[in-house]
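S.K.: I am sharing structure.txt, which consists of compact mmCIF, C-alpha atoms and all ligand atoms:
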```
# COMPACT_ATOMS: atom_id res chain seq x y z
CA MET A 1 173.04 -15.10 -131.67
CA SER A 2 170.13 -14.27 -129.40
CA MET A 3 167.34 -16.77 -128.61
CA VAL A 4 163.84 -15.29 -128.50
CA ARG A 5 160.55 -16.79 -129.67
CA ASP A 6 159.61 -14.18 -132.28
CA LEU A 7 161.03 -10.69 -132.80
CA SER A 8 157.78 -9.56 -134.41
CA LEU A 9 156.20 -9.63 -130.93
CA ALA A 10 158.40 -6.69 -129.94
CA ASP A 11 155.76 -3.97 -130.49
CA GLU A 12 153.42 -5.57 -127.95
CA GLY A 13 156.30 -6.03 -125.54
CA ALA A 14 157.36 -2.41 -125.91
CA LEU A 15 153.93 -1.14 -124.85
CA LYS A 16 153.92 -3.31 -121.75
CA ILE A 17 157.44 -2.26 -120.84
CA GLU A 18 156.43 1.38 -121.14
CA PHE A 19 153.36 0.84 -118.93
CA ALA A 20 155.47 -0.85 -116.24
CA GLY A 21 158.18 1.81 -116.58
CA ARG A 22 155.70 4.54 -115.73
CA ARG A 23 155.19 2.84 -112.38
CA MET A 24 158.94 2.64 -111.72
CA PRO A 25 159.82 6.29 -111.07
CA VAL A 26 162.99 5.62 -109.07
CA LEU A 27 164.44 3.44 -111.80
CA GLN A 28 163.40 6.00 -114.43
CA ALA A 29 165.28 8.76 -112.65
CA LEU A 30 168.32 6.48 -112.39
CA THR A 31 168.06 5.71 -116.10
CA GLU A 32 168.28 9.42 -116.88
CA ARG A 33 171.23 9.84 -114.54
CA PHE A 34 173.04 6.82 -116.02
CA ALA A 35 172.39 8.13 -119.55
CA GLU A 36 174.24 11.32 -118.63
CA THR A 37 177.07 9.89 -116.53
CA LYS A 38 177.63 6.57 -118.42
CA PRO A 39 179.05 4.69 -115.42
CA PHE A 40 179.00 1.30 -117.15
CA VAL A 41 181.01 2.06 -120.29
CA GLY A 42 183.45 -0.80 -120.87
CA HIS A 43 181.43 -3.17 -118.68
CA ARG A 44 179.70 -6.34 -119.79
CA ILE A 45 176.77 -7.42 -117.64
CA ALA A 46 175.31 -10.94 -117.62
CA GLY A 47 171.85 -11.19 -116.04
CA CYS A 48 169.77 -14.26 -115.15
CA LEU A 49 166.36 -12.93 -114.13
CA HIS A 50 162.66 -13.30 -114.74
CA VAL A 51 162.25 -11.89 -118.24
CA THR A 52 159.48 -9.43 -117.42
CA THR A 53 158.56 -5.82 -118.13
CA GLU A 54 160.22 -4.82 -114.85
CA THR A 55 163.49 -6.57 -115.72
CA ALA A 56 163.29 -4.87 -119.14
CA ASN A 57 163.26 -1.49 -117.41
CA MET A 58 166.34 -2.39 -115.38
CA CYS A 59 168.13 -3.51 -118.57
CA LYS A 60 167.20 -0.15 -120.08
CA ALA A 61 168.82 1.66 -117.15
CA LEU A 62 172.02 -0.37 -117.38
CA VAL A 63 172.29 -0.12 -121.16
CA ALA A 64 171.61 3.65 -120.94
CA GLY A 65 174.61 3.77 -118.63
CA GLY A 66 176.81 2.29 -121.35
CA ALA A 67 176.78 -1.40 -120.42
CA GLU A 68 176.90 -4.20 -122.93
CA MET A 69 174.32 -6.65 -121.63
CA ALA A 70 173.19 -10.24 -122.08
CA LEU A 71 170.11 -11.67 -120.35
CA CYS A 72 168.74 -15.16 -119.80
CA ALA A 73 165.69 -16.36 -117.87
CA SER A 74 165.91 -17.48 -114.25
CA ASN A 75 162.73 -19.48 -114.84
CA PRO A 76 161.43 -20.40 -118.31
CA LEU A 77 157.82 -20.17 -117.06
CA SER A 78 158.01 -16.50 -116.16
CA THR A 79 159.44 -15.42 -119.52
CA LYS A 80 157.20 -13.10 -121.51
CA ASP A 81 158.08 -13.70 -125.17
CA ASP A 82 156.89 -10.28 -126.33
CA VAL A 83 158.94 -8.57 -123.64
CA ALA A 84 161.99 -10.68 -124.52
CA ALA A 85 161.61 -9.58 -128.15
CA SER A 86 161.46 -5.90 -127.24
CA ILE A 87 164.46 -6.11 -124.88
CA GLN A 88 166.39 -7.57 -127.81
CA ARG A 89 165.13 -5.20 -130.51
CA ASP A 90 164.56 -1.91 -128.69
CA ILE A 91 166.73 -1.96 -125.59
CA GLY A 92 169.64 -3.69 -127.22
CA ALA A 93 170.52 -6.34 -124.65
CA GLU A 94 171.25 -9.79 -126.11
CA VAL A 95 168.36 -11.98 -124.90
CA PHE A 96 168.35 -15.76 -124.42
CA ALA A 97 164.87 -16.60 -123.14
CA ILE A 98 161.93 -18.51 -124.56
CA TYR A 99 158.78 -19.24 -122.55
CA GLY A 100 158.44 -22.88 -121.51
CA CYS A 101 161.72 -24.09 -123.04
CA ASP A 102 163.19 -27.42 -121.87
CA ARG A 103 166.18 -27.96 -119.61
CA ASP A 104 168.71 -28.36 -122.44
CA THR A 105 167.65 -25.13 -124.10
CA PHE A 106 167.66 -23.42 -120.72
CA TYR A 107 171.29 -24.40 -120.21
CA LYS A 108 172.17 -23.24 -123.75
CA GLN A 109 170.65 -19.89 -122.83
CA VAL A 110 172.89 -19.64 -119.77
CA GLN A 111 175.88 -20.47 -122.00
CA GLY A 112 174.80 -17.87 -124.56
CA THR A 113 174.59 -15.25 -121.84
CA LEU A 114 178.01 -16.08 -120.45
CA ALA A 115 179.46 -15.65 -123.94
CA VAL A 116 179.34 -11.90 -123.21
CA LYS A 117 182.30 -12.58 -120.86
CA PRO A 118 180.78 -10.61 -118.01
CA THR A 119 182.52 -8.15 -115.76
CA ILE A 120 179.33 -7.98 -113.64
CA VAL A 121 176.89 -10.82 -112.84
CA ILE A 122 173.26 -10.20 -111.85
CA ASP A 123 171.61 -13.35 -110.55
CA ASP A 124 168.20 -14.51 -109.35
CA GLY A 125 168.71 -17.91 -107.75
CA ALA A 126 172.52 -18.08 -108.16
CA ASP A 127 172.43 -20.10 -111.40
CA LEU A 128 174.96 -17.89 -113.20
CA THR A 129 177.22 -17.66 -110.18
CA SER A 130 177.28 -21.41 -109.62
CA THR A 131 177.69 -22.18 -113.36
CA ILE A 132 180.64 -19.77 -113.58
CA HIS A 133 182.32 -21.29 -110.51
CA ASN A 134 181.73 -24.86 -111.71
CA ASP A 135 182.19 -24.74 -115.49
CA TYR A 136 183.48 -21.34 -116.58
CA THR A 137 186.30 -20.55 -114.18
CA GLU A 138 188.21 -18.89 -117.04
CA LEU A 139 185.68 -16.03 -116.77
CA LEU A 140 186.52 -15.34 -113.13
CA GLY A 141 189.52 -13.12 -113.95
CA ASP A 142 187.35 -10.41 -115.56
CA ILE A 143 184.50 -10.42 -113.04
CA VAL A 144 184.44 -7.40 -110.75
CA GLY A 145 181.44 -8.54 -108.72
CA GLY A 146 177.84 -9.65 -108.70
CA THR A 147 174.42 -9.18 -107.15
CA GLU A 148 171.82 -11.74 -106.11
CA VAL A 149 168.18 -10.78 -105.92
CA THR A 150 166.36 -13.56 -104.09
CA SER A 151 166.44 -15.16 -100.59
CA THR A 152 167.29 -18.67 -101.78
CA GLY A 153 170.05 -17.42 -104.09
CA VAL A 154 171.58 -15.42 -101.24
CA LEU A 155 171.58 -18.57 -99.11
CA ARG A 156 173.36 -20.50 -101.87
CA ILE A 157 175.95 -17.76 -102.38
CA ARG A 158 176.54 -17.44 -98.61
CA ASN A 159 177.14 -21.21 -98.55
CA MET A 160 179.68 -20.76 -101.36
CA SER A 161 181.34 -17.96 -99.43
CA ASN A 162 181.43 -19.98 -96.17
CA ALA A 163 182.93 -22.92 -98.05
CA GLY A 164 185.64 -20.56 -99.32
CA VAL A 165 184.83 -21.09 -103.02
CA LEU A 166 183.23 -17.73 -103.90
CA ARG A 167 185.76 -15.81 -105.97
CA TYR A 168 184.22 -12.33 -106.30
CA PRO A 169 182.28 -9.89 -104.10
CA VAL A 170 178.49 -10.23 -104.18
CA PHE A 171 175.83 -7.80 -102.97
CA PRO A 172 172.78 -9.67 -101.62
CA THR A 173 170.06 -7.40 -102.98
CA ASN A 174 167.50 -9.40 -101.02
CA ASP A 175 169.03 -8.28 -97.72
CA ALA A 176 168.43 -4.60 -98.47
CA ALA A 177 165.44 -3.23 -96.57
CA THR A 178 164.30 -1.53 -99.79
CA LYS A 179 164.00 -5.02 -101.30
CA HIS A 180 162.64 -7.58 -98.84
CA LEU A 181 160.30 -5.28 -96.89
CA PHE A 182 158.42 -4.51 -100.11
CA ASP A 183 159.16 -7.06 -102.85
CA ASN A 184 158.96 -10.14 -100.60
CA ARG A 185 156.17 -8.90 -98.37
CA TYR A 186 153.86 -6.95 -100.69
CA GLY A 187 154.91 -8.50 -104.02
CA THR A 188 154.73 -12.14 -102.92
CA GLY A 189 151.86 -11.34 -100.56
CA GLN A 190 149.73 -10.06 -103.42
CA ASN A 191 150.69 -12.39 -106.25
CA THR A 192 150.36 -15.54 -104.12
CA ILE A 193 146.75 -14.69 -103.38
CA ASP A 194 146.31 -13.66 -107.03
CA GLY A 195 147.66 -17.04 -108.22
CA ILE A 196 145.40 -19.01 -105.88
CA LEU A 197 142.35 -17.05 -106.97
CA ARG A 198 143.08 -17.30 -110.70
CA ALA A 199 143.72 -21.05 -110.39
CA THR A 200 140.68 -21.87 -108.22
CA ASN A 201 138.30 -18.87 -107.97
CA MET A 202 137.58 -20.08 -104.41
CA LEU A 203 136.36 -17.79 -101.61
CA LEU A 204 138.98 -16.93 -99.02
CA ALA A 205 136.54 -15.31 -96.59
CA GLY A 206 135.71 -17.70 -93.77
CA SER A 207 138.32 -20.25 -94.86
CA THR A 208 141.21 -21.58 -92.81
CA PHE A 209 144.45 -20.60 -94.50
CA VAL A 210 147.73 -22.18 -93.40
CA VAL A 211 150.96 -20.29 -94.08
CA VAL A 212 153.99 -22.56 -93.75
CA GLY A 213 156.93 -20.29 -92.87
CA TYR A 214 156.80 -16.74 -91.48
CA GLY A 215 159.67 -15.00 -93.24
CA TRP A 216 159.09 -11.83 -95.26
CA CYS A 217 157.12 -13.67 -97.94
CA GLY A 218 155.10 -15.60 -95.36
CA ARG A 219 154.28 -12.43 -93.44
CA GLY A 220 152.98 -10.87 -96.64
CA VAL A 221 150.88 -13.88 -97.60
CA ALA A 222 149.41 -14.13 -94.08
CA MET A 223 148.60 -10.41 -94.02
CA ARG A 224 146.80 -10.53 -97.34
CA ALA A 225 144.92 -13.78 -96.57
CA ARG A 226 143.72 -12.26 -93.31
CA GLY A 227 142.69 -9.13 -95.18
CA MET A 228 140.48 -11.29 -97.39
CA GLY A 229 138.72 -12.67 -94.33
CA ALA A 230 140.54 -15.98 -93.87
CA ARG A 231 141.43 -17.42 -90.46
CA VAL A 232 145.21 -17.70 -90.71
CA ILE A 233 147.32 -20.40 -89.08
CA VAL A 234 151.13 -20.10 -89.18
CA THR A 235 153.55 -23.00 -88.85
CA GLU A 236 157.22 -22.31 -88.11
CA VAL A 237 160.50 -23.86 -86.95
CA ASP A 238 162.05 -20.59 -85.74
CA PRO A 239 160.91 -19.60 -82.22
CA VAL A 240 161.30 -15.85 -82.77
CA ARG A 241 159.28 -15.85 -85.96
CA ALA A 242 156.65 -18.09 -84.37
CA LEU A 243 156.39 -15.64 -81.48
CA GLU A 244 156.04 -12.77 -83.91
CA ALA A 245 153.14 -14.58 -85.57
CA VAL A 246 151.49 -15.12 -82.17
CA LEU A 247 151.75 -11.42 -81.34
CA ASP A 248 150.52 -10.56 -84.82
CA GLY A 249 147.34 -12.28 -83.65
CA LEU A 250 147.69 -15.45 -85.69
CA GLN A 251 147.32 -19.05 -84.55
CA VAL A 252 150.58 -21.01 -84.46
CA MET A 253 150.84 -24.80 -84.32
CA PRO A 254 152.83 -27.67 -85.86
CA ILE A 255 152.08 -28.45 -89.50
CA ALA A 256 150.93 -31.97 -88.56
CA GLU A 257 148.08 -30.40 -86.57
CA ALA A 258 147.37 -27.60 -89.02
CA ALA A 259 147.14 -30.23 -91.78
CA GLU A 260 143.77 -31.36 -90.44
CA LEU A 261 142.34 -27.84 -90.24
CA GLY A 262 143.36 -25.99 -93.38
CA ASP A 263 141.33 -25.27 -96.52
CA PHE A 264 144.41 -23.67 -98.12
CA PHE A 265 148.11 -24.35 -97.56
CA VAL A 266 150.90 -22.12 -98.86
CA THR A 267 154.56 -23.03 -98.40
CA VAL A 268 157.00 -20.12 -98.14
CA THR A 269 159.91 -21.67 -96.27
CA GLY A 270 162.83 -21.78 -98.73
CA ASN A 271 163.32 -25.36 -97.57
CA ARG A 272 162.33 -28.79 -98.82
CA ASP A 273 159.53 -31.03 -97.56
CA ALA A 274 157.57 -28.34 -95.76
CA VAL A 275 154.40 -30.26 -96.66
CA THR A 276 154.96 -34.03 -96.86
CA LEU A 277 152.74 -36.87 -98.09
CA GLU A 278 151.99 -37.68 -94.46
CA HIS A 279 150.62 -34.16 -93.96
CA MET A 280 148.58 -34.43 -97.16
CA GLN A 281 147.05 -37.70 -95.97
CA ARG A 282 145.69 -35.85 -92.93
CA MET A 283 144.10 -33.04 -94.93
CA LYS A 284 140.41 -32.44 -95.46
CA ASP A 285 138.84 -33.51 -98.74
CA GLY A 286 139.49 -30.79 -101.34
CA ALA A 287 142.26 -28.97 -99.44
CA VAL A 288 144.25 -26.70 -101.76
CA ILE A 289 148.07 -26.74 -101.64
CA ALA A 290 150.35 -24.17 -103.26
CA ASN A 291 153.97 -23.13 -103.07
CA SER A 292 155.34 -19.60 -103.09
CA GLY A 293 158.94 -20.42 -102.15
CA HIS A 294 161.79 -20.34 -104.62
CA PHE A 295 162.07 -23.99 -105.71
CA ASP A 296 159.43 -26.65 -106.27
CA VAL A 297 160.76 -28.81 -103.42
CA GLU A 298 158.66 -27.39 -100.59
CA ILE A 299 155.69 -29.68 -101.27
CA ALA A 300 156.41 -33.42 -101.66
CA VAL A 301 154.96 -33.48 -105.18
CA GLU A 302 156.71 -36.68 -106.31
CA ALA A 303 155.48 -38.59 -103.27
CA LEU A 304 151.96 -37.29 -103.90
CA ARG A 305 152.07 -38.41 -107.53
CA GLY A 306 153.39 -41.81 -106.45
CA ALA A 307 150.67 -42.35 -103.85
CA ALA A 308 147.71 -40.91 -105.78
CA VAL A 309 145.08 -43.31 -107.13
CA GLY A 310 143.56 -40.69 -109.43
CA ARG A 311 144.55 -37.41 -111.10
CA ARG A 312 142.27 -34.90 -112.80
CA GLU A 313 143.09 -31.47 -114.18
CA LEU A 314 140.20 -29.37 -112.89
CA ARG A 315 141.30 -26.03 -114.33
CA PRO A 316 144.56 -24.56 -115.62
CA ASN A 317 147.19 -24.83 -112.87
CA CYS A 318 144.75 -26.77 -110.69
CA VAL A 319 145.12 -30.56 -110.41
CA GLU A 320 143.20 -32.84 -108.08
CA TYR A 321 144.99 -35.91 -106.70
CA ARG A 322 142.87 -38.61 -105.07
CA LEU A 323 144.58 -40.43 -102.21
CA PRO A 324 144.02 -44.05 -101.19
CA ASN A 325 142.10 -42.80 -98.10
CA GLY A 326 139.35 -41.59 -100.46
CA ARG A 327 140.06 -37.87 -99.95
CA ALA A 328 141.48 -35.56 -102.60
CA VAL A 329 143.97 -32.70 -102.41
CA VAL A 330 144.22 -29.99 -105.04
CA LEU A 331 147.75 -29.00 -106.06
CA LEU A 332 148.26 -25.64 -107.77
CA ALA A 333 150.87 -24.99 -110.50
CA GLU A 334 152.48 -28.40 -109.86
CA GLY A 335 154.06 -27.01 -106.70
CA ARG A 336 156.02 -24.32 -108.55
CA LEU A 337 155.84 -20.69 -107.47
CA VAL A 338 152.09 -20.08 -107.63
CA GLY A 339 152.36 -16.32 -108.00
CA GLN A 340 154.69 -16.50 -110.97
CA SER A 341 153.00 -19.51 -112.62
CA ALA A 342 149.28 -19.03 -112.08
CA ALA A 343 149.37 -15.22 -111.84
CA GLU A 344 152.19 -12.85 -112.76
CA ALA A 345 155.50 -11.85 -111.31
CA HIS A 346 155.61 -8.96 -108.82
CA PRO A 347 154.11 -5.64 -109.90
CA ALA A 348 156.27 -2.80 -111.17
CA GLU A 349 155.73 -0.64 -108.07
CA VAL A 350 157.75 -2.95 -105.82
CA MET A 351 160.23 -4.06 -108.48
CA ASP A 352 161.05 -0.35 -108.84
CA MET A 353 162.71 -0.45 -105.43
CA THR A 354 164.33 -3.84 -105.94
CA PHE A 355 165.85 -2.93 -109.28
CA ALA A 356 166.79 0.65 -108.35
CA THR A 357 168.63 -0.75 -105.31
CA GLN A 358 170.26 -3.38 -107.48
CA SER A 359 171.28 -0.97 -110.25
CA MET A 360 172.91 1.32 -107.70
CA ALA A 361 174.68 -1.69 -106.20
CA VAL A 362 176.00 -2.50 -109.68
CA GLN A 363 177.24 1.08 -110.02
CA TYR A 364 179.00 0.73 -106.66
CA LEU A 365 180.63 -2.51 -107.82
CA VAL A 366 181.88 -0.89 -111.00
CA SER A 367 183.65 1.80 -108.94
CA ASN A 368 184.72 -0.28 -105.94
CA GLY A 369 184.45 -3.99 -106.78
CA LYS A 370 188.14 -4.41 -107.51
CA LYS A 371 188.99 -3.22 -103.98
CA MET A 372 186.45 -5.52 -102.30
CA GLU A 373 187.28 -8.99 -100.98
CA PRO A 374 185.47 -12.00 -102.46
CA GLY A 375 182.46 -12.75 -100.25
CA VAL A 376 178.99 -11.43 -99.45
CA HIS A 377 178.90 -7.71 -98.60
CA PRO A 378 175.90 -5.74 -97.31
CA ILE A 379 174.59 -3.12 -99.73
CA PRO A 380 175.73 0.29 -98.42
CA ARG A 381 173.08 1.97 -96.29
CA GLU A 382 173.25 5.20 -98.34
CA ILE A 383 171.88 3.30 -101.33
CA GLU A 384 168.82 2.15 -99.37
CA ASN A 385 168.23 5.67 -98.06
CA GLU A 386 168.52 7.18 -101.52
CA VAL A 387 166.07 4.67 -102.99
CA ALA A 388 163.56 5.14 -100.15
CA THR A 389 163.81 8.94 -100.38
CA ALA A 390 163.24 8.88 -104.13
CA LYS A 391 160.25 6.52 -103.75
CA LEU A 392 158.68 8.75 -101.08
CA ASP A 393 159.19 11.73 -103.40
CA ALA A 394 157.43 9.86 -106.17
CA TYR A 395 154.48 9.16 -103.85
CA GLY A 396 154.47 12.86 -102.94
CA VAL A 397 155.11 12.04 -99.28
CA ARG A 398 157.25 14.43 -97.24
CA ILE A 399 158.93 13.60 -93.93
CA ASP A 400 160.69 15.55 -91.19
CA GLU A 401 164.39 16.22 -90.81
CA LEU A 402 166.35 15.95 -87.58
CA SER A 403 166.98 19.32 -85.97
CA GLU A 404 170.55 20.17 -85.01
CA GLY A 405 169.67 19.51 -81.36
CA GLN A 406 168.10 16.13 -82.17
CA HIS A 407 171.11 15.16 -84.24
CA GLN A 408 173.44 16.04 -81.38
CA TYR A 409 171.25 14.18 -78.88
CA LEU A 410 171.36 11.00 -80.92
CA ASN A 411 175.12 11.18 -81.29
CA ASP A 412 176.08 12.08 -77.72
CA TRP A 413 176.85 9.13 -75.47
CA ARG A 414 176.66 11.29 -72.33
CA VAL A 415 172.96 12.09 -72.52
CA GLY A 416 170.33 9.96 -70.88
CA THR A 417 171.56 9.63 -67.29
N1 LIG A 501 163.84 -17.98 -109.89
C1 LIG A 501 162.90 -18.68 -109.06
C2 LIG A 501 162.17 -17.88 -108.02
C3 LIG A 501 162.58 -16.55 -107.63
S1 LIG A 501 161.16 -15.64 -107.52
C4 LIG A 501 161.83 -19.39 -109.86
O1 LIG A 501 161.00 -18.74 -110.50
O2 LIG A 501 161.80 -20.59 -109.81
C5 LIG A 501 161.60 -14.46 -106.46
C6 LIG A 501 162.37 -13.34 -107.07
O3 LIG A 501 161.80 -12.94 -108.29
C7 LIG A 501 162.29 -12.18 -106.12
O4 LIG A 501 163.48 -11.98 -105.46
C8 LIG A 501 161.85 -11.02 -106.97
O5 LIG A 501 162.64 -9.88 -106.81
C9 LIG A 501 161.91 -11.54 -108.40
N2 LIG A 501 160.79 -11.04 -109.15
C10 LIG A 501 159.50 -11.04 -108.77
N3 LIG A 501 158.75 -10.40 -109.68
C11 LIG A 501 159.57 -10.00 -110.66
C12 LIG A 501 159.39 -9.26 -111.86
N4 LIG A 501 158.21 -8.76 -112.19
N5 LIG A 501 160.46 -9.06 -112.64
C13 LIG A 501 161.66 -9.52 -112.28
N6 LIG A 501 161.90 -10.19 -111.16
C14 LIG A 501 160.87 -10.42 -110.35
```
Is it possible to give me this structure as structure tokens?
M.R.:
Amino acid sequence: MSMVRDLSLADEGALKIEFAGRRMPVLQALTERFAETKPFVGHRIAGCLHVTTETANMCKALVAGGAEMALCASNPLSTKDDVAASIQRDIGAEVFAIYGCDRDTFYKQVQGTLAVKPTIVIDDGADLTSTIHNDYTELLGDIVGGTEVTSTGVLRIRNMSNAGVLRYPVFPTNDAATKHLFDNRYGTGQNTIDGILRATNMLLAGSTFVVVGYGWCGRGVAMRARGMGARVIVTEVDPVRALEAVLDGLQVMPIAEAAELGDFFVTVTGNRDAVTLEHMQRMKDGAVIANSGHFDVEIAVEALRGAAVGRRELRPNCVEYRLPNGRAVVLLAEGRLVGQSAAEAHPAEVMDMTFATQSMAVQYLVSNGKKMEPGVHPIPREIENEVATAKLDAYGVRIDELSEGQHQYLNDWRVGT
């Protein structure tokens, strides 16, 4: 039934899953708790996620809690075949994921996953949610609720909710502070730089580095580029975020102007056409362009291919396109997520918080989903606090508690005049 490249890779996968798991203490503690309390008995969970060691550890937690689980890839290029094999063989979730598979196979994998007839849906990019609402409406009756891990998926699901078509409650994991403050900022911040370096081995120090979009991912990328000694320019469409970048000490200007100055360009907008052919035509010879936003629509790759008079693959994930003006631009990972394609997905330390938050949200749905209206609901604050407290514990960091007097002060509307 399952679709994995080769089950005999499972031993290698198991080692990597264990190594990641050691750096996911909050999720480990949850796994032990779920193994004792079995909150998911009778539930069938369908997941569409990057098939990584970190996802494997979340599957382990959910299966330990009694869930029947099926998993497909949210992106065939981030699938680790050895990890997929071990999730199937050792963790016992049904896996439908093969690295680099084509579109048809990808869709078959989604179908295979939905054959579990889920009561809970865990999405990264809203592919399961939209497929269920378009083509598998007969499954809707059993579904108690879902979660969505990434910014772009949350946007899609909010659009579904606003259009009145979303038929079950969804927790936007991305909106939890324990997710975007760490996963988006430090995860994307680090692996974007990692991807650029692995693809080019260029020096960031002294370069001009343009970050297109100053959301949580953009903030992280800018912070890390600056830390490596680059001069960072931010381009934005949102006045508040632009102002934040200014007060963070960064230069802010329109992309059309930044285009002439940058040595590196990274798009992190969640929107299309953040870097157009027109911008690329203004760039310096050898400018490097990469995307770290969800879809490969942020850079006008098709237009670039159409206009280019020459194409050379310089290194893996590093292609030079020569433009009719005689200058060349270097596109990394074909404009797909550079961190996931040229480097690796986010490290276990941040995914610990993302997946602990998400697993607790799933537990909440199992108990309360039936009573919740269809729509997008914020993850309860107590879950964020519990995850943050457990993570601090794991780091060995202690904090203060409010005294009785401080507690009263904060809750008394009469004080302060
Ligand atoms: N599915 C899209 C992009 C989403 S990437 C694609 O690849 O085209 C962003 C999401 O991936 C984030 O919300 C993050 O939580 C998740 N992610 C990053 N690293 C991960 C990892 N190691 N394991 C599982 N998910 C990961």
S.K.: Can you pull out every residue within 7 Å of stretch 323-334 of chain A, counting all atoms listed in the file, but drop anything in the same chain fewer than 4 positions away, and send it as a count of residues only?
M.R.: 16
S.K.: What is the atom CA of A:Gly65 to atom CA of A:Arg5 distance in Å?
M.R.: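 Computing it gives 27.2 Å between the two atoms.
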S.K.: Atom CA of A:Ile193 and atom CA of A:Ala225 are how many Å apart?
M.R.: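 Computing it gives 7.1 Å between the two atoms.
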S.K.: If you count only C-alpha atoms, which residues fall within 10 Å of A:Asn162, apart from same-chain ones fewer than 5 positions away, as a PyMOL selection string?
M.R.: chain A and resi 156-157+375-376
S.K.: For atom CA of A:Glu32 and atom CA of A:His180, quote the distance in Å rounded to one decimal.
M.R.: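 Taking atom CA of A:Glu32 and atom CA of A:His180, their separation equals 25.4 Å.
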S.K.: With a distance cut-off of 12 Å and all atoms listed in the file, select the neighbouring residues of A:Gly42, excluding the residue or stretch itself and same-chain residues fewer than 6 positions from it, and output the selection as a compact mmCIF listing (two decimals) with C-alpha atoms, in the coordinates of the input.
M.R.:
```
# COMPACT_ATOMS: atom_id res chain seq x y z
CA LEU A 62 172.02 -0.37 -117.38
CA VAL A 63 172.29 -0.12 -121.16
CA GLY A 65 174.61 3.77 -118.63
CA GLY A 66 176.81 2.29 -121.35
CA ALA A 67 176.78 -1.40 -120.42
CA GLU A 68 176.90 -4.20 -122.93
CA MET A 69 174.32 -6.65 -121.63
CA LYS A 117 182.30 -12.58 -120.86
CA PRO A 118 180.78 -10.61 -118.01
CA THR A 119 182.52 -8.15 -115.76
CA ILE A 120 179.33 -7.98 -113.64
CA ASP A 142 187.35 -10.41 -115.56
CA VAL A 366 181.88 -0.89 -111.00
```
S.K.: So that I can see what lies close to A:Leu277, please list as a list in words the residues with an atom at most 9 Å from it, counting only C-alpha atoms and leaving out residues fewer than 2 positions away in the same chain.
M.R.: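 Here the answer would be Asp273, Val275, His279, Met280, Gln281, Arg282, Ile299, Ala300, Val301, Ala303, Leu304 and Ala307 of chain A.
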S.K.: Given the choices A:Thr173, A:Thr150, A:Arg226, A:Asp102, which gets closest to A:Phe295 if the distance is worked out from only C-alpha atoms?
M.R.: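 Ranking A:Thr173, A:Thr150, A:Arg226, A:Asp102 by distance to A:Phe295, first place goes to A:Thr150.
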S.K.: Have a look at A:Lys284, A:Arg23, A:Arg315, A:Lys108 and name the one nearest to ligand LIG 501 (chain A); count only C-alpha atoms and all ligand atoms.
M.R.: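 Checking each candidate against ligand LIG 501 (chain A), we get A:Arg23 as the closest.
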S.K.: From (173.4, 6.8, -115.9), in the file's coordinates, out to 12 Å: which residues are reached, counting all atoms listed in the file? Answer as a VMD selection string.
M.R.: chain A and resid 27 to 41 58 to 67 356 359 to 360 362 to 363
S.K.: So which residues fall inside 9 Å of (159.6, -3.3, -111.8) if we count only C-alpha atoms? Mind giving them as a short mmCIF file (atom, residue, chain, number, x, y, z; two decimals) with C-alpha atoms, in the coordinates of the input?
M.R.:
```cif
data_model
loop_
_atom_site.label_atom_id
_atom_site.label_comp_id
_atom_site.auth_asym_id
_atom_site.auth_seq_id
_atom_site.Cartn_x
_atom_site.Cartn_y
_atom_site.Cartn_z
CA ALA A 20 155.47 -0.85 -116.24
CA GLY A 21 158.18 1.81 -116.58
CA ARG A 23 155.19 2.84 -112.38
CA MET A 24 158.94 2.64 -111.72
CA LEU A 27 164.44 3.44 -111.80
CA THR A 52 159.48 -9.43 -117.42
CA THR A 53 158.56 -5.82 -118.13
CA GLU A 54 160.22 -4.82 -114.85
CA THR A 55 163.49 -6.57 -115.72
CA ALA A 56 163.29 -4.87 -119.14
CA ASN A 57 163.26 -1.49 -117.41
CA MET A 58 166.34 -2.39 -115.38
CA HIS A 346 155.61 -8.96 -108.82
CA PRO A 347 154.11 -5.64 -109.90
CA ALA A 348 156.27 -2.80 -111.17
CA GLU A 349 155.73 -0.64 -108.07
CA VAL A 350 157.75 -2.95 -105.82
CA MET A 351 160.23 -4.06 -108.48
CA ASP A 352 161.05 -0.35 -108.84
CA MET A 353 162.71 -0.45 -105.43
CA THR A 354 164.33 -3.84 -105.94
CA PHE A 355 165.85 -2.93 -109.28
CA ALA A 356 166.79 0.65 -108.35
#
```
S.K.: Nearest to ligand LIG 501 (chain A): which of A:Val83, A:Ile379, A:Met283, A:Met372 is it, counting all atoms listed in the file?
M.R.: A:Val83
S.K.: Rank A:Ala256, A:Asn411, A:Gly369, A:Tyr214 by their smallest atom-to-atom distance to A:Arg241, using only C-alpha atoms, and report the top residue only.
M.R.: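 Using only C-alpha atoms, A:Arg241 sits closest to A:Tyr214.
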